[in-house]
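The structure under discussion appears below in the form of structure tokens.
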Amino acid sequence: MEKITKPSSGYIMVFLIILGLVGSSLLLASGAPIGGMSLFLSILCLPGFFIVEPNKATVLLLFGQYEGTVKANGFYWVIPFMTKKKISLRVRNFENKPVKVNDKIGNPVMIGTIVVWQVEDTFKATFDVENYENFVHLQSDAAIRKMAGLYPYDNFEAEEAEVTLRSGVEDVNHSLEQEISERLHHAGIKVIEARISHLAYSSEIASAMLQRQQATAIVAARQKIVEGAVGMVEMALADLKLKDIIEFDDEKKAVMVSNLMVVLCSDKSASPVLNVGTLHQ
């Protein structure tokens with residue numbers, strides 16, 4: 001478990017070591033045998049100095065035993081025999097290149113993600129995993145594969161799906177962030193944000209799926225056109241009858257309805273044919 005510690009100030013020790021070096025020099029000049037020992041001890045203390053920069057930490061070990069973590073930035077001194085391991089607490093991010101995964105119904109899709117993270121527990125990051133940076137990358141990739149299997153790409157084949165990879169962006173990103181957070185908690189890593197940066201069908205089915213989407217869009221558009229055309233024909237017949245402009249029998253109504261539907265539903269401009277005779281010709 002992480003233990004925060006604050007060592008002795010390095011500035012005080014600098015002053016004391018300088019005094020030791022000066023005193024050692026005077027003792028050696030006077031021929032006192034203790035001068036050599038004093039000089040040796042002063043030089044031995046020099047490796048104990050270290051600096052902690054902002055948003056960085058130093059993990060202290062004494063003969064393999066964890067002594068604590070220094071997070072407050074400054075200039076410090078510890079026993080020279082302590083091992084000092086620096087670790088960054090800064091926010092970092094990386095973008096996973098698109099990887100091929102299978103969605104809920106087995107379609108191969110390409111998903112790329114962006115993960116924003118930082119070290120929260122220096123003890124776990126240093127001692128519970130071999131390499132915490134590599135651990136973040138591998139576990140994020142595994143989380144992507146698991147998350148993709150929970151949702152279909154879209155609702156073309158899964159019409160009952162309320163959340164899909166393409167439409168449920170917020171829900172999918174939240175699920176991804178939660179999955180990565182649970183995996184990285186063992187390494188003392190805090191996930192600030194995780195989101196999908198790239199989403200597409202895999203190349204082997206992309207063309208077929210695009211044609212299917214286009215066909216679906218065309219069918220939906222035609223349905224709207226037909227609904228509008230029926231309403232217009234109904235309104236035209238009602239107005240003609242209301243204003244008593246002309247009386248139609250059932251056969252003429254059928255002909256008129258047929259002609260209006262052809263004109264209104266056609267995807268090309270109509271070419272009218274003028275009738276210069278009577279209505280019945």
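Chain lettering (A, B, ...) mirrors the order of the structure tokens, residue numbering begins at 1 for each chain separately, and ligand numbering begins at 1 in order of display.
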
When you look at region 16-18 of chain A with a cut-off of 12 Å (counting only C-alpha atoms), what residues show up, excluding the ones that are within fewer than 2 positions of it in the same chain? I need them as number ranges by chain. A: 9-14, 20-25, 38-49, 77

For the strand (DSSP E or B) assignment from backbone DSSP, which residues of region 17-52 of chain A qualify? Please present them as a PyMOL selection string. chain A and resi 49-52

Check which residues of region 15-105 of chain A sit at most 9 Å from region 129-144 of chain A using only C-alpha atoms, and return one row each with the closest pair of atoms and their distance in Å to one decimal, ordered by chain and rising number, as CSV.
residue,atom,partner,partner_atom,distance
A:Phe94,CA,A:His137,CA,8.5
A:Asn96,CA,A:Asp141,CA,7.7
A:Val99,CA,A:Asp141,CA,8.4
A:Val101,CA,A:Ile144,CA,8.2

Identify which of the residues A:Asn102, A:Ser8, A:Gln118, A:Asn173 lies closest to Ser88 (chain A), counting only C-alpha atoms when measuring atom-to-atom distances.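 Distance minimum relative to Ser88 (chain A) lands on A:Gln118.
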
Counting only C-alpha atoms, the option among A:Phe15, A:Phe123, A:Phe75, A:Tyr201 closest to Ile51 (chain A):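 Result for the nearest residue to Ile51 (chain A): A:Phe75.
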
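Take the candidates A:Lys71, A:His198, A:Leu237, A:Met37 and check each one against Glu53 (chain A) using only C-alpha atoms; the shortest distance goes to A:Lys71.
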
To test your reading of the structure, identify every residue in region 104-178 of chain A that backbone DSSP assigns to helix (DSSP H, G or I), and report it as an MDAnalysis selection string. chainID A and resid 122:128 132:148 169:178

Quick one: everything within 8 Å of Glu120 (chain A), counting only C-alpha atoms, minus sequence neighbours fewer than 3 positions away in the same chain. Send it as JSON, numbers by chain. {"A": [89, 188, 189, 190]}

Looking at only C-alpha atoms, which of A:Pro98, A:Gly68, A:Gly74, A:Gly149 is the one that sits closest to Asn55 (chain A)?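 The answer is A:Gly74, which sits nearest to Asn55 (chain A).
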
Name the closest residue to Ile192 (chain A) among the candidates A:Ala148, A:Ile114, A:Ala254, A:Val59; distances are taken between atoms, counting only C-alpha atoms.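 Nearest to Ile192 (chain A): A:Ile114.
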
Near Val191 (chain A), counting only C-alpha atoms, which residues have an atom at most 7 Å away, once you skip same-chain residues fewer than 5 positions from it, shown as a PDB file with N, CA, C and O atoms, in the first residue's frame?
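What ended up in around.pdb:
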ATOM      1  N   VAL A 116      -7.042   8.185 -21.775  1.00  0.00           N
ATOM      2  CA  VAL A 116      -6.328   9.197 -20.983  1.00  0.00           C
ATOM      3  C   VAL A 116      -6.185   8.649 -19.570  1.00  0.00           C
ATOM      4  O   VAL A 116      -7.182   8.291 -18.938  1.00  0.00           O
ATOM      5  N   TRP A 117      -4.941   8.590 -19.036  1.00  0.00           N
ATOM      6  CA  TRP A 117      -4.699   7.926 -17.759  1.00  0.00           C
ATOM      7  C   TRP A 117      -3.536   8.571 -17.014  1.00  0.00           C
ATOM      8  O   TRP A 117      -2.772   9.363 -17.583  1.00  0.00           O
ATOM      9  N   GLN A 118      -3.418   8.233 -15.740  1.00  0.00           N
ATOM     10  CA  GLN A 118      -2.289   8.662 -14.934  1.00  0.00           C
ATOM     11  C   GLN A 118      -2.084   7.692 -13.780  1.00  0.00           C
ATOM     12  O   GLN A 118      -3.009   6.973 -13.391  1.00  0.00           O
ATOM     13  N   SER A 181     -11.017   0.770 -16.527  1.00  0.00           N
ATOM     14  CA  SER A 181     -10.725   1.163 -15.143  1.00  0.00           C
ATOM     15  C   SER A 181     -10.622  -0.053 -14.229  1.00  0.00           C
ATOM     16  O   SER A 181      -9.729  -0.129 -13.375  1.00  0.00           O
TER      17      SER A 181
END
